file run21.tsv (TSV, C-alpha atoms and all ligand atoms)
chain	number	residue	atom	x	y	z
A	66	MET	CA	107.33	108.77	74.46
A	67	SER	CA	104.48	106.49	73.38
A	68	VAL	CA	102.98	103.37	74.97
A	69	SER	CA	104.78	101.25	72.39
A	70	GLU	CA	108.12	102.90	73.20
A	71	ARG	CA	107.54	102.45	76.94
A	72	LEU	CA	106.68	98.76	76.41
A	73	ALA	CA	109.76	98.39	74.21
A	74	ALA	CA	111.88	99.72	77.09
A	75	ILE	CA	110.93	96.68	79.22
A	76	ALA	CA	110.53	94.15	76.40
A	77	ALA	CA	113.83	92.41	77.16
A	78	ILE	CA	113.10	92.00	80.89
A	79	GLY	CA	112.03	88.54	81.99
A	80	ARG	CA	111.90	86.85	78.59
A	81	ASP	CA	111.43	83.08	78.96
A	82	ASP	CA	113.28	81.40	76.07
A	83	ALA	CA	112.23	77.91	77.18
A	84	ARG	CA	108.47	78.64	77.34
A	85	GLY	CA	108.30	81.65	75.07
A	86	GLY	CA	106.80	84.89	76.34
A	87	TYR	CA	107.67	86.23	79.78
A	88	SER	CA	108.20	84.82	83.27
A	89	ARG	CA	108.30	87.76	85.68
A	90	HIS	CA	107.67	86.63	89.24
A	91	LEU	CA	107.63	88.47	92.55
A	92	LEU	CA	111.08	89.64	93.72
A	93	GLU	CA	112.94	87.47	91.20
A	94	PRO	CA	115.57	89.30	89.07
A	95	ALA	CA	113.12	90.31	86.32
A	96	ASP	CA	110.67	91.71	88.86
A	97	LEU	CA	113.46	93.67	90.56
A	98	ARG	CA	114.47	95.16	87.19
A	99	LEU	CA	110.86	96.10	86.49
A	100	ARG	CA	110.65	97.75	89.90
A	101	GLU	CA	113.72	99.79	88.98
A	102	TRP	CA	112.05	100.72	85.65
A	103	PHE	CA	108.92	101.81	87.54
A	104	ARG	CA	110.99	104.02	89.83
A	105	SER	CA	113.02	105.69	87.06
A	106	THR	CA	109.95	106.23	84.83
A	107	ALA	CA	108.08	107.81	87.72
A	108	GLN	CA	110.99	110.07	88.55
A	109	ASP	CA	111.30	111.16	84.90
A	110	LEU	CA	107.64	112.21	85.13
A	111	GLY	CA	108.19	114.13	88.36
A	112	LEU	CA	106.22	111.62	90.45
A	113	SER	CA	107.30	110.62	93.94
A	114	VAL	CA	107.73	106.87	94.41
A	115	GLU	CA	106.85	104.71	97.42
A	116	VAL	CA	107.02	100.97	98.02
A	117	ASP	CA	104.39	100.03	100.59
A	118	GLY	CA	104.69	97.34	103.25
A	119	ASN	CA	103.13	94.76	100.89
A	120	GLY	CA	105.52	95.31	98.00
A	121	ASN	CA	103.11	97.43	95.95
A	122	LEU	CA	104.59	100.39	94.04
A	123	TRP	CA	103.05	103.87	94.12
A	124	ALA	CA	104.03	106.96	92.10
A	125	TRP	CA	102.27	110.11	93.34
A	126	TRP	CA	101.38	113.22	91.36
A	127	GLY	CA	100.59	115.91	93.92
A	128	GLU	CA	101.60	116.46	97.56
A	129	ASP	CA	98.20	115.52	99.01
A	130	ARG	CA	97.52	111.98	100.16
A	131	THR	CA	93.72	112.03	100.30
A	132	GLY	CA	91.00	111.61	97.68
A	133	ALA	CA	93.44	110.16	95.17
A	134	VAL	CA	92.52	108.91	91.71
A	135	ALA	CA	94.56	105.73	91.34
A	136	THR	CA	95.37	103.98	88.09
A	137	GLY	CA	97.70	101.12	87.27
A	138	SER	CA	97.83	97.32	87.21
A	139	HIS	CA	100.63	94.77	87.78
A	140	LEU	CA	104.08	94.01	86.34
A	141	ASP	CA	104.32	90.29	87.15
A	142	SER	CA	103.29	87.55	84.73
A	143	VAL	CA	102.25	83.92	84.60
A	144	PRO	CA	105.00	81.53	83.47
A	145	GLY	CA	105.42	82.09	79.72
A	146	GLY	CA	102.92	84.95	79.76
A	147	GLY	CA	102.28	87.67	77.22
A	148	ALA	CA	103.81	91.14	77.04
A	149	TYR	CA	100.61	93.07	77.83
A	150	ASP	CA	98.78	91.38	80.74
A	151	GLY	CA	99.63	93.81	83.53
A	152	PRO	CA	102.40	95.97	82.07
A	153	LEU	CA	100.02	97.60	79.55
A	154	GLY	CA	98.05	99.05	82.44
A	155	VAL	CA	101.11	100.41	84.22
A	156	VAL	CA	102.74	101.75	81.05
A	157	SER	CA	99.46	103.36	79.94
A	158	ALA	CA	99.09	105.02	83.34
A	159	PHE	CA	102.52	106.60	83.01
A	160	GLU	CA	101.79	107.61	79.41
A	161	ALA	CA	98.47	109.17	80.47
A	162	VAL	CA	100.32	111.24	83.08
A	163	ALA	CA	102.89	112.25	80.44
A	164	ILE	CA	100.09	113.34	78.06
A	165	LEU	CA	98.43	115.43	80.79
A	166	ARG	CA	101.69	117.01	81.90
A	167	ALA	CA	102.65	117.80	78.31
A	168	GLU	CA	99.42	119.77	77.86
A	169	GLY	CA	100.10	121.68	81.06
A	170	TRP	CA	97.19	120.11	83.00
A	171	SER	CA	97.58	119.47	86.70
A	172	PRO	CA	95.16	117.54	88.93
A	173	ALA	CA	92.81	119.18	91.44
A	174	ARG	CA	93.49	116.16	93.66
A	175	PRO	CA	96.28	113.59	93.71
A	176	VAL	CA	96.73	111.09	90.90
A	177	VAL	CA	98.70	107.98	91.76
A	178	VAL	CA	100.11	105.33	89.43
A	179	CYS	CA	100.34	101.93	91.07
A	180	ALA	CA	101.74	98.47	90.34
A	181	PHE	CA	100.43	95.73	92.63
A	182	ALA	CA	102.68	92.87	93.74
A	183	GLU	CA	102.19	89.26	92.55
A	184	GLU	CA	98.81	89.76	90.86
A	185	GLU	CA	99.16	86.41	89.10
A	186	GLY	CA	100.11	84.49	92.22
A	187	SER	CA	102.61	82.64	90.02
A	188	ARG	CA	105.40	82.39	92.60
A	189	PHE	CA	103.61	81.92	95.91
A	190	GLY	CA	100.17	80.72	94.78
A	191	MET	CA	98.10	83.66	96.08
A	192	PRO	CA	96.66	85.80	93.26
A	193	CYS	CA	96.43	89.57	93.85
A	194	LEU	CA	98.77	89.08	96.81
A	195	GLY	CA	99.77	92.76	97.16
A	196	SER	CA	96.28	94.22	96.93
A	197	ARG	CA	94.73	91.49	99.11
A	198	LEU	CA	97.36	91.98	101.81
A	199	MET	CA	96.70	95.73	101.69
A	200	VAL	CA	92.94	95.33	102.22
A	201	GLY	CA	93.43	92.66	104.87
A	202	GLU	CA	92.07	89.68	102.91
A	203	ILE	CA	95.25	87.64	103.31
A	204	GLU	CA	96.78	86.92	106.72
A	205	PRO	CA	100.46	88.01	106.66
A	206	ALA	CA	101.52	84.86	108.55
A	207	GLU	CA	99.77	82.71	105.94
A	208	ALA	CA	101.52	84.59	103.13
A	209	LEU	CA	104.95	84.46	104.76
A	210	ARG	CA	104.86	80.69	105.14
A	211	ARG	CA	103.93	80.01	101.50
A	212	ALA	CA	106.84	78.59	99.46
A	213	ASP	CA	107.63	78.79	95.76
A	214	ARG	CA	108.50	75.83	93.51
A	215	ASP	CA	112.07	75.81	94.82
A	216	GLY	CA	110.92	75.79	98.45
A	217	THR	CA	111.85	79.45	99.10
A	218	THR	CA	109.28	80.98	101.43
A	219	LEU	CA	107.78	84.41	100.91
A	220	GLU	CA	109.48	85.39	104.17
A	221	GLN	CA	112.91	84.40	102.82
A	222	ALA	CA	112.27	86.21	99.53
A	223	TRP	CA	111.08	89.30	101.41
A	224	ARG	CA	114.18	89.41	103.59
A	225	GLU	CA	116.51	88.78	100.61
A	226	ALA	CA	114.93	91.79	98.88
A	227	GLY	CA	115.57	93.92	101.96
A	228	LEU	CA	111.85	94.36	102.71
A	229	ALA	CA	110.59	94.44	106.29
A	230	VAL	CA	108.68	91.25	107.09
A	231	SER	CA	106.84	93.06	109.88
A	232	SER	CA	105.38	95.55	107.37
A	233	LEU	CA	103.09	93.06	105.58
A	234	GLY	CA	99.42	93.40	106.31
A	235	PRO	CA	96.42	95.69	106.21
A	236	ASP	CA	97.24	99.25	105.17
A	237	ALA	CA	94.07	101.11	106.11
A	238	GLY	CA	95.71	104.51	105.74
A	239	ARG	CA	96.77	103.88	102.18
A	240	LEU	CA	93.40	102.39	101.27
A	241	ALA	CA	91.64	105.42	102.76
A	242	ALA	CA	93.80	107.71	100.62
A	243	LEU	CA	92.28	106.27	97.46
A	244	ASP	CA	88.98	107.61	96.16
A	245	VAL	CA	88.69	105.59	92.95
A	246	PHE	CA	90.78	103.09	91.02
A	247	VAL	CA	90.72	102.70	87.22
A	248	GLU	CA	92.70	99.79	85.75
A	249	LEU	CA	93.49	99.63	82.05
A	250	HIS	CA	94.15	96.09	80.83
A	251	VAL	CA	94.56	94.21	77.60
A	252	GLU	CA	91.35	92.32	76.87
A	253	GLN	CA	91.72	88.60	77.59
A	254	GLY	CA	89.33	87.45	74.93
A	255	ARG	CA	88.11	88.44	71.44
A	256	ASP	CA	84.96	90.41	72.21
A	257	LEU	CA	86.40	93.75	71.04
A	258	GLU	CA	88.01	92.17	67.98
A	259	ASP	CA	84.66	90.64	67.03
A	260	ARG	CA	82.89	93.97	67.61
A	261	GLY	CA	85.53	95.91	65.66
A	262	LEU	CA	86.10	98.27	68.61
A	263	PRO	CA	89.40	99.34	70.21
A	264	LEU	CA	88.19	99.91	73.78
A	265	ALA	CA	85.54	98.84	76.28
A	266	VAL	CA	84.84	99.13	79.98
A	267	SER	CA	84.26	96.10	82.19
A	268	SER	CA	81.01	95.15	83.89
A	269	SER	CA	82.04	92.16	85.99
A	270	ILE	CA	84.58	89.45	86.87
A	271	LEU	CA	83.67	85.78	87.31
A	272	ALA	CA	83.95	84.28	90.77
A	273	HIS	CA	86.98	82.01	90.93
A	274	GLY	CA	88.98	79.77	93.18
A	275	ARG	CA	92.16	77.72	93.20
A	276	TRP	CA	92.76	74.39	94.95
A	277	ARG	CA	95.84	72.19	95.25
A	278	LEU	CA	94.99	68.49	94.81
A	279	SER	CA	97.61	66.05	96.16
A	280	VAL	CA	97.22	62.42	95.07
A	281	HIS	CA	99.31	59.93	97.07
A	282	GLY	CA	100.03	56.45	95.67
A	283	GLU	CA	102.76	53.87	95.88
A	284	GLY	CA	106.06	54.60	94.16
A	285	ASN	CA	107.72	51.63	92.54
A	286	HIS	CA	109.74	50.29	89.61
A	287	ALA	CA	108.09	50.68	86.19
A	288	GLY	CA	109.52	47.34	85.01
A	289	SER	CA	109.41	44.97	87.93
A	290	THR	CA	105.94	45.96	89.17
A	291	PRO	CA	103.01	44.03	87.66
A	292	MET	CA	100.11	46.16	86.40
A	293	ALA	CA	97.64	44.52	88.78
A	294	GLY	CA	97.66	46.09	92.21
A	295	ARG	CA	99.49	49.25	91.26
A	296	ARG	CA	98.48	52.43	93.11
A	297	ASP	CA	99.58	54.91	90.48
A	298	PRO	CA	98.80	58.56	91.35
A	299	VAL	CA	99.47	59.68	87.77
A	300	VAL	CA	96.63	57.45	86.53
A	301	ALA	CA	94.36	58.74	89.29
A	302	ALA	CA	95.31	62.35	88.51
A	303	ALA	CA	94.64	61.83	84.82
A	304	ALA	CA	91.14	60.56	85.61
A	305	ALA	CA	90.66	63.51	87.98
A	306	ILE	CA	91.63	66.02	85.29
A	307	LEU	CA	89.13	64.52	82.87
A	308	ALA	CA	86.48	64.79	85.61
A	309	VAL	CA	87.27	68.52	86.02
A	310	ARG	CA	86.59	69.06	82.31
A	311	GLN	CA	83.43	66.91	82.29
A	312	VAL	CA	81.82	68.81	85.20
A	313	ALA	CA	82.72	72.23	83.72
A	314	LEU	CA	81.25	71.29	80.33
A	315	GLU	CA	77.97	70.43	82.04
A	316	ARG	CA	77.62	74.03	83.34
A	317	PRO	CA	77.03	77.07	81.10
A	318	ALA	CA	79.71	79.79	81.42
A	319	ALA	CA	81.66	77.63	83.90
A	320	ARG	CA	85.40	77.12	83.61
A	321	GLY	CA	87.39	74.19	85.02
A	322	THR	CA	91.12	73.95	84.39
A	323	VAL	CA	94.17	72.03	85.55
A	324	GLY	CA	97.16	73.77	83.99
A	325	ARG	CA	99.84	72.84	86.45
A	326	VAL	CA	100.87	69.33	87.49
A	327	SER	CA	103.87	68.24	89.52
A	328	VAL	CA	104.86	64.54	89.60
A	329	THR	CA	107.08	63.13	92.35
A	330	PRO	CA	109.71	61.83	91.76
A	331	ASN	CA	109.07	62.42	88.00
A	332	GLY	CA	111.25	59.61	86.67
A	333	THR	CA	110.81	58.00	83.26
A	334	ASN	CA	111.11	54.46	84.61
A	335	VAL	CA	109.38	55.14	87.92
A	336	ILE	CA	105.78	54.70	89.09
A	337	ALA	CA	105.21	58.01	90.86
A	338	SER	CA	104.51	58.21	94.59
A	339	ARG	CA	102.67	61.53	94.43
A	340	VAL	CA	101.05	63.97	92.03
A	341	ASP	CA	100.13	67.58	92.83
A	342	ALA	CA	97.62	69.19	90.48
A	343	TRP	CA	96.24	72.72	90.74
A	344	LEU	CA	92.54	73.21	90.05
A	345	ASP	CA	91.17	76.54	88.80
A	346	ILE	CA	87.35	76.88	88.78
A	347	ARG	CA	85.42	79.97	87.67
A	348	GLY	CA	81.73	80.70	87.40
A	349	GLY	CA	78.89	83.19	87.36
A	350	SER	CA	78.43	83.23	91.14
A	351	ASP	CA	80.25	82.19	94.31
A	352	ALA	CA	77.60	79.53	94.92
A	353	GLN	CA	78.02	78.15	91.39
A	354	VAL	CA	81.79	77.81	91.85
A	355	ARG	CA	81.30	76.07	95.20
A	356	GLU	CA	78.68	73.71	93.72
A	357	GLN	CA	80.92	72.91	90.77
A	358	LEU	CA	83.81	72.26	93.15
A	359	ASP	CA	81.72	69.89	95.30
A	360	VAL	CA	80.56	67.86	92.30
A	361	THR	CA	84.08	67.83	90.84
A	362	LEU	CA	85.66	66.67	94.09
A	363	GLU	CA	83.06	63.93	94.52
A	364	LEU	CA	84.02	62.50	91.13
A	365	ILE	CA	87.74	62.95	91.83
A	366	ARG	CA	87.50	61.15	95.18
A	367	ALA	CA	85.85	58.19	93.42
A	368	ARG	CA	88.52	58.10	90.68
A	369	VAL	CA	91.35	58.34	93.25
A	370	ALA	CA	89.81	55.57	95.38
A	371	ASP	CA	89.45	53.35	92.27
A	372	GLU	CA	93.23	53.56	91.91
A	373	GLY	CA	93.82	52.81	95.59
A	374	CYS	CA	95.29	56.26	96.15
A	375	ARG	CA	94.68	58.95	98.76
A	376	LEU	CA	93.59	62.55	98.07
A	377	GLU	CA	94.36	65.77	99.92
A	378	VAL	CA	92.69	69.05	98.92
A	379	GLU	CA	93.85	72.52	100.00
A	380	GLU	CA	92.04	75.73	99.03
A	381	GLU	CA	94.69	78.23	97.93
A	382	SER	CA	92.46	81.19	97.12
A	383	PHE	CA	88.88	82.24	96.49
A	384	SER	CA	87.74	85.48	94.84
A	385	SER	CA	84.06	86.41	94.81
A	386	LEU	CA	82.12	87.55	91.77
A	387	VAL	CA	82.80	91.23	91.09
A	388	ALA	CA	80.29	93.75	89.75
A	389	PHE	CA	82.18	96.99	89.06
A	390	ASP	CA	80.84	100.30	90.43
A	391	GLU	CA	78.07	101.29	88.01
A	392	PRO	CA	78.16	105.10	88.38
A	393	LEU	CA	81.93	105.19	87.94
A	394	THR	CA	81.85	102.71	85.06
A	395	ARG	CA	79.11	104.73	83.35
A	396	ARG	CA	81.10	107.94	83.90
A	397	VAL	CA	84.24	106.37	82.41
A	398	ALA	CA	82.27	104.92	79.49
A	399	SER	CA	80.53	108.22	78.73
A	400	THR	CA	83.79	110.18	79.02
A	401	LEU	CA	85.10	107.90	76.27
A	402	GLY	CA	82.10	108.12	73.96
A	403	ASP	CA	79.83	105.42	75.33
A	404	LEU	CA	82.00	102.33	75.32
A	405	PRO	CA	80.35	98.93	75.73
A	406	ALA	CA	80.65	97.23	79.13
A	407	ILE	CA	81.89	93.64	78.80
A	408	PRO	CA	82.31	90.90	81.43
A	409	THR	CA	85.58	89.09	81.99
A	410	GLY	CA	86.63	85.71	83.33
A	411	ALA	CA	90.04	87.05	84.35
A	412	GLY	CA	90.77	88.32	87.84
A	413	HIS	CA	92.31	91.74	88.50
A	414	ASP	CA	93.44	93.92	91.39
A	415	ALA	CA	90.54	96.21	90.45
A	416	GLY	CA	88.32	93.27	91.38
A	417	VAL	CA	89.88	93.12	94.85
A	418	LEU	CA	89.70	96.87	95.45
A	419	SER	CA	86.12	97.09	94.16
A	420	ALA	CA	84.89	95.83	97.55
A	421	TYR	CA	86.46	98.89	99.20
A	422	LEU	CA	86.20	101.81	96.74
A	423	PRO	CA	84.64	102.55	93.34
A	424	CYS	CA	86.62	100.76	90.63
A	425	ALA	CA	86.37	100.56	86.87
A	426	MET	CA	88.35	98.88	84.11
A	427	ILE	CA	89.19	99.89	80.55
A	428	PHE	CA	89.96	97.05	78.11
A	429	VAL	CA	92.19	97.43	75.06
A	430	ARG	CA	91.45	95.22	72.05
A	431	ASN	CA	93.49	92.01	71.73
A	432	PRO	CA	93.42	90.78	68.10
A	433	THR	CA	94.29	87.20	69.03
A	434	GLY	CA	92.07	87.14	72.12
A	435	VAL	CA	94.77	84.98	73.71
A	436	SER	CA	96.23	85.72	77.14
A	437	HIS	CA	98.52	83.93	79.59
A	438	ALA	CA	100.50	82.85	76.53
A	439	PRO	CA	103.10	84.44	74.21
A	440	GLU	CA	100.43	84.93	71.51
A	441	GLU	CA	98.77	87.69	73.57
A	442	ALA	CA	98.66	90.82	71.38
A	443	ALA	CA	97.58	94.44	71.08
A	444	ARG	CA	97.94	96.81	68.12
A	445	ASP	CA	100.12	99.90	68.68
A	446	GLU	CA	97.33	102.25	67.63
A	447	ASP	CA	94.93	100.63	70.14
A	448	CYS	CA	97.54	100.93	72.90
A	449	GLU	CA	97.96	104.64	72.14
A	450	ALA	CA	94.16	105.03	72.09
A	451	GLY	CA	94.05	103.36	75.50
A	452	ALA	CA	96.54	105.82	77.00
A	453	ARG	CA	94.70	108.79	75.52
A	454	ALA	CA	91.46	107.38	76.93
A	455	LEU	CA	93.03	106.97	80.36
A	456	ALA	CA	94.30	110.57	80.16
A	457	ALA	CA	90.76	111.73	79.41
A	458	VAL	CA	89.42	109.73	82.35
A	459	LEU	CA	92.05	111.15	84.72
A	460	ARG	CA	91.25	114.66	83.47
A	461	GLU	CA	87.56	113.98	84.18
A	462	LEU	CA	88.01	112.28	87.59
A	463	ALA	CA	90.94	114.18	89.05
A	464	GLY	CA	89.45	117.48	88.07
A	465	THR	CA	86.40	117.07	90.33
A	466	PRO	CA	85.44	114.94	93.37
A	467	VAL	CA	83.84	111.57	92.52
A	468	ARG	CA	82.10	110.83	95.85
B	1	LIG	O1	94.02	84.30	86.91
B	1	LIG	C1	93.55	85.38	86.58
B	1	LIG	O2	92.39	85.46	86.23
B	1	LIG	C2	94.39	86.63	86.58
B	1	LIG	O3	95.06	86.72	85.36
B	1	LIG	N1	95.29	86.65	87.67
B	2	MN	MN	96.78	87.47	84.13
B	3	MN	MN	96.36	90.91	84.58
call {"tool": "encode", "arguments": {"input": "run21.tsv", "output": "structure tokens"}}
result
Amino acid sequence: MSVSERLAAIAAIGRDDARGGYSRHLLEPADLRLREWFRSTAQDLGLSVEVDGNGNLWAWWGEDRTGAVATGSHLDSVPGGGAYDGPLGVVSAFEAVAILRAEGWSPARPVVVCAFAEEEGSRFGMPCLGSRLMVGEIEPAEALRRADRDGTTLEQAWREAGLAVSSLGPDAGRLAALDVFVELHVEQGRDLEDRGLPLAVSSSILAHGRWRLSVHGEGNHAGSTPMAGRRDPVVAAAAAILAVRQVALERPAARGTVGRVSVTPNGTNVIASRVDAWLDIRGGSDAQVREQLDVTLELIRARVADEGCRLEVEEESFSSLVAFDEPLTRRVASTLGDLPAIPTGAGHDAGVLSAYLPCAMIFVRNPTGVSHAPEEAARDEDCEAGARALAAVLRELAGTPVR
């Protein structure tokens, strides 16, 4: 098979006709079908499949469970996401194994293909949920209580999927079994397109955090309520969103986004009683993100007070700046003919694991540079080049010890 054929095999799973693109969220039907695809693909390649206590998928090549070279990514998406963000890394990992097996190569130490659960955090609001549970950065009780947009808790979803609630949490044994992790991912930007190159490695990931802002006002009738004296949380939220943009624009390389808003009760002829808005801030250091947040919230509090409303703020996640392991990144880059190392503003499971073991990333050119939208793209020939590159990296790393 080829990468394109493997992607085509899952192309119909989780299509979102309303938004365009894909909506594949943890343990929902599309995710369950993708988990089945992972299992059958692994078995076709002679790999043995495990689902760990945190919902992450593992397909092992080799009997050993120490010193493993891990490669993979995630299968879930944002709402209306593209076809490549996540799946390209998992598909390419399988294709790299297929290439190596076809040439009769076998690893001197285990190779494991992995797919981490809920990397996007789109259902339960915690990005990199599976990898952060595994390393102990998320408290299982905190995760289990989180609810999705329909009010279903992670605990309910876990039980409905037949997974053991008691199994969530740090998995030191599994983490210790991994020696290095290399994640291939579609580039989420146009750097490679502008350079005219198909592949790169990654140098770093911006620090980033997510906060839920709840603005409480006074619900009332849109027609019988005079304009004076209204306490309209939609007006306050609109001013808050403009403040987010203003503060981000004042800071080089900073990002400030509100992409999700929920209005209660959301009636056409109703002054809302509450607005929830989710804030995503990213920057070149943890301190810069925290400073930007403080300044942003100060402005938001003033705007909310002007409208006579009340503000609640809850931090949903925070991920520190990541600098990928230099020796490993250099080794991957030189194995592939001296690829450039480019930074990214997008978070990844490799970013989480990089605090615990050497990690590197390989980016595949995205001609549109767009991600988290249906317009995300990758050329077939670049996808095949990515899988061949990953095969070369596995041959290099799984042939000899890294540390
Ligand atoms: O939000 C991110 O940066 C990643 O796509 N989860
Ligand atoms: Mn993503
Ligand atoms: Mn991703």
call {"tool": "residues_near_ligand", "arguments": {"input": "run21.tsv", "ligand": "ligand MN 3 (chain B)", "cutoff": "6 Å", "atoms": "all atoms listed in the file", "output": "list in words"}}
result
Asp150, Gly151 and His413 of chain A
call {"tool": "residues_near_ligand", "arguments": {"input": "run21.tsv", "ligand": "ligand LIG 1 (chain B)", "cutoff": "10 Å", "atoms": "only C-alpha atoms and all ligand atoms", "output": "PyMOL selection string"}}
result
chain A and resi 139+141-143+146+150-151+183-187+191-193+253+270-275+345+347+384+409-414+436-437
call {"tool": "write_last_selection", "arguments": {"input": "run21.tsv", "atoms": "C-alpha atoms", "output": "PDB file, in the frame of the given file"}}
result
ATOM      1  CA  HIS A 139     100.630  94.770  87.780  1.00  0.00           C
ATOM      2  CA  ASP A 141     104.320  90.290  87.150  1.00  0.00           C
ATOM      3  CA  SER A 142     103.290  87.550  84.730  1.00  0.00           C
ATOM      4  CA  VAL A 143     102.250  83.920  84.600  1.00  0.00           C
ATOM      5  CA  GLY A 146     102.920  84.950  79.760  1.00  0.00           C
ATOM      6  CA  ASP A 150      98.780  91.380  80.740  1.00  0.00           C
ATOM      7  CA  GLY A 151      99.630  93.810  83.530  1.00  0.00           C
ATOM      8  CA  GLU A 183     102.190  89.260  92.550  1.00  0.00           C
ATOM      9  CA  GLU A 184      98.810  89.760  90.860  1.00  0.00           C
ATOM     10  CA  GLU A 185      99.160  86.410  89.100  1.00  0.00           C
ATOM     11  CA  GLY A 186     100.110  84.490  92.220  1.00  0.00           C
ATOM     12  CA  SER A 187     102.610  82.640  90.020  1.00  0.00           C
ATOM     13  CA  MET A 191      98.100  83.660  96.080  1.00  0.00           C
ATOM     14  CA  PRO A 192      96.660  85.800  93.260  1.00  0.00           C
ATOM     15  CA  CYS A 193      96.430  89.570  93.850  1.00  0.00           C
ATOM     16  CA  GLN A 253      91.720  88.600  77.590  1.00  0.00           C
ATOM     17  CA  ILE A 270      84.580  89.450  86.870  1.00  0.00           C
ATOM     18  CA  LEU A 271      83.670  85.780  87.310  1.00  0.00           C
ATOM     19  CA  ALA A 272      83.950  84.280  90.770  1.00  0.00           C
ATOM     20  CA  HIS A 273      86.980  82.010  90.930  1.00  0.00           C
ATOM     21  CA  GLY A 274      88.980  79.770  93.180  1.00  0.00           C
ATOM     22  CA  ARG A 275      92.160  77.720  93.200  1.00  0.00           C
ATOM     23  CA  ASP A 345      91.170  76.540  88.800  1.00  0.00           C
ATOM     24  CA  ARG A 347      85.420  79.970  87.670  1.00  0.00           C
ATOM     25  CA  SER A 384      87.740  85.480  94.840  1.00  0.00           C
ATOM     26  CA  THR A 409      85.580  89.090  81.990  1.00  0.00           C
ATOM     27  CA  GLY A 410      86.630  85.710  83.330  1.00  0.00           C
ATOM     28  CA  ALA A 411      90.040  87.050  84.350  1.00  0.00           C
ATOM     29  CA  GLY A 412      90.770  88.320  87.840  1.00  0.00           C
ATOM     30  CA  HIS A 413      92.310  91.740  88.500  1.00  0.00           C
ATOM     31  CA  ASP A 414      93.440  93.920  91.390  1.00  0.00           C
ATOM     32  CA  SER A 436      96.230  85.720  77.140  1.00  0.00           C
ATOM     33  CA  HIS A 437      98.520  83.930  79.590  1.00  0.00           C
TER      34      HIS A 437
END
call {"tool": "residues_around", "arguments": {"input": "run21.tsv", "residues": "Val369 of chain A", "least_positions_apart": "5", "cutoff": "9 Å", "atoms": "only C-alpha atoms", "output": "CSV table (one decimal) with C-alpha atoms, in the coordinates of the input"}}
result
chain,number,residue,atom,x,y,z
A,280,VAL,CA,97.2,62.4,95.1
A,281,HIS,CA,99.3,59.9,97.1
A,298,PRO,CA,98.8,58.6,91.4
A,300,VAL,CA,96.6,57.4,86.5
A,301,ALA,CA,94.4,58.7,89.3
A,302,ALA,CA,95.3,62.4,88.5
A,304,ALA,CA,91.1,60.6,85.6
A,305,ALA,CA,90.7,63.5,88.0
A,364,LEU,CA,84.0,62.5,91.1
A,374,CYS,CA,95.3,56.3,96.2
A,375,ARG,CA,94.7,59.0,98.8
A,376,LEU,CA,93.6,62.6,98.1
call {"tool": "closest_residue", "arguments": {"input": "run21.tsv", "among": "A:Val323, A:Ala438, A:Ala83, A:Ala456", "to": "ligand MN 2 (chain B)", "atoms": "only C-alpha atoms and all ligand atoms"}}
result
A:Ala438
call {"tool": "atom_distance", "arguments": {"input": "run21.tsv", "atom1": "atom CA of Ala180 of chain A", "atom2": "atom CA of Trp123 of chain A"}}
result
6.7 Å
call {"tool": "closest_residue", "arguments": {"input": "run21.tsv", "among": "A:Arg320, A:Arg395, A:Arg84, A:His250", "to": "Ala452 of chain A", "atoms": "all atoms listed in the file"}}
result
A:His250
call {"tool": "residues_around", "arguments": {"input": "run21.tsv", "residues": "Glu220 of chain A", "least_positions_apart": "2", "cutoff": "10 Å", "atoms": "only C-alpha atoms", "output": "VMD selection string"}}
result
chain A and resid 205 to 206 208 to 212 217 to 218 222 to 226 228 to 231
call {"tool": "closest_residue", "arguments": {"input": "run21.tsv", "among": "A:Val435, A:Cys448, A:Ala161, A:Met426", "to": "ligand MN 2 (chain B)", "atoms": "only C-alpha atoms and all ligand atoms"}}
result
A:Val435
call {"tool": "residues_around", "arguments": {"input": "run21.tsv", "residues": "segment 97-107 of chain A", "least_positions_apart": "5", "cutoff": "12 Å", "atoms": "all atoms listed in the file", "output": "PyMOL selection string"}}
result
chain A and resi 66+71-79+89-92+112-116+120-126+137-142+151-152+155-160+162-163+177-182+222-223+225-227
call {"tool": "closest_residue", "arguments": {"input": "run21.tsv", "among": "A:Leu278, A:Val251, A:Trp170, A:Thr136", "to": "ligand MN 2 (chain B)", "atoms": "all atoms listed in the file"}}
result
A:Val251
call {"tool": "residues_near_point", "arguments": {"input": "run21.tsv", "point": "(108.6, 58.1, 96.9)", "cutoff": "10 Å", "atoms": "only C-alpha atoms", "output": "list in words"}}
result
His281, Gly282, Glu283, Gly284, Asn285, Thr329, Pro330, Asn331, Val335, Ile336, Ala337, Ser338 and Arg339 of chain A
call {"tool": "atom_distance", "arguments": {"input": "run21.tsv", "atom1": "atom CA of Ala454 of chain A", "atom2": "atom CA of Pro439 of chain A"}}
result
25.9 Å
call {"tool": "atom_distance", "arguments": {"input": "run21.tsv", "atom1": "atom CA of Gln221 of chain A", "atom2": "atom CA of Pro144 of chain A"}}
result
21.1 Å
call {"tool": "closest_residue", "arguments": {"input": "run21.tsv", "among": "A:Leu153, A:Ile306, A:Leu314, A:Ala237", "to": "ligand MN 2 (chain B)", "atoms": "all atoms listed in the file"}}
result
A:Leu153
call {"tool": "closest_residue", "arguments": {"input": "run21.tsv", "among": "A:Gly85, A:Gly254, A:Gly288, A:Pro405", "to": "ligand MN 2 (chain B)", "atoms": "only C-alpha atoms and all ligand atoms"}}
result
A:Gly254
call {"tool": "residues_around", "arguments": {"input": "run21.tsv", "residues": "Val429 of chain A", "least_positions_apart": "5", "cutoff": "12 Å", "atoms": "all atoms listed in the file", "output": "ChimeraX atom specification"}}
result
/A:149-151,153-154,157,248-258,261-267,404-405,407,434,441-455
